[in-house]
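Only one structure is covered here, and it is reproduced in the block below.
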Amino acid sequence: MEFWIELVVSVFLVAGAVFVFIGSLGLAKLPDFYTRLHAPTKATTLGMGGLLAASAILMTYQQGHLSLHELLITLFLLITAPVTAHMLAKTAMHHKLQITEKTVDKELSKRARERNTPT
Amino acid sequence: MLNTAITIATTLVCISLILNLWRLFKGPSRPDRILALDTMYINSIALIILFGIASGTALYFEAALLIAMLGFVSTAAMCKYILRGDLIE
């Protein structure tokens, strides 16, 4: 295998795995639900994007023709990650979960809860 | 170099799966547990893709795509269930 393809694939792999790890570390360490929600959504887009890009480059090189399976998974994850994050945030808002003290404009959450009925 | 990168990436993804499992057991509220499950299936997709790269076959991408779709549907269903108390009204 050529050296530069191996280098590019390795860099994408390690970068993606580091993003996935940081997302899970944020999920474990951050103080309340709304901050915890922020970390894994970044891991989904950037981390999985990096891993799938590495896989696409390697498969394209090994098989000799363009490999687009990975693009399908990336596209699906990029579409569904904001939808799940929004649904989880709405669920947490209507269950009145604890907000950490450092959050600014906390009184807006009360208004948002009153204005929208859950659908 | 590629083998070292795959080993490092697999180790990091396995550690993040353990962290997700810890949050799944500890999670003080139900949305926390749903979020931990959601992150766990994404990390398992990452693990399957790393296994596919290591073994050099394109066979595992269908499995990864299937896990992605079912995971999204199950997260949406669980959110809907604890939001409304019912799935199909």
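Chain lettering (A, B, ...) mirrors the order of the structure tokens, residue numbering begins at 1 for each chain separately, and ligand numbering begins at 1 in order of display.
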Please provide as a VMD selection string all residues within 12 Å of range 86-101 of chain A, with the sequence filter that same-chain residues fewer than 3 positions apart are discarded (counting only C-alpha atoms).
(chain A and resid 30 to 38 41 79 to 83 104 to 119) or (chain B and resid 28 to 38 72 to 73 75 to 85)
Give me, as a PyMOL selection string, the residues of range 5-98 of chain A that a backbone DSSP run labels alpha helix (DSSP H).
chain A and resi 5-29+33-42+48-63+69-94
Taking only C-alpha atoms into account, what are the residues of chain B at most 9 Å from chain A, put as JSON, numbers by chain?
{"B": [1, 2, 3, 4, 5, 6, 8, 9, 10, 11, 12, 13, 14, 15, 16, 17, 18, 19, 20, 22, 23, 29, 30, 31, 32, 34, 35, 36, 38, 39, 40, 42, 43, 45, 46, 49, 50, 52, 53, 56, 57, 58, 61, 62, 64, 65, 68, 69, 72, 75, 76, 79, 80, 82, 83, 84]}
Distance CA of Ser74 in chain B-CA of Ala53 in chain A, one decimal place?
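Value for the CA of Ser74 in chain B-CA of Ala53 in chain A distance: 26.0 Å.
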Report, in Å to a single decimal, how far apart CA of Asp86 in chain B and CA of Phe25 in chain B are.
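Atom-to-atom, CA of Phe25 in chain B and CA of Asp86 in chain B are spaced 24.5 Å apart.
The space between CA of Glu2 in chain A and CA of Thr45 in chain A spans 28.5 Å.
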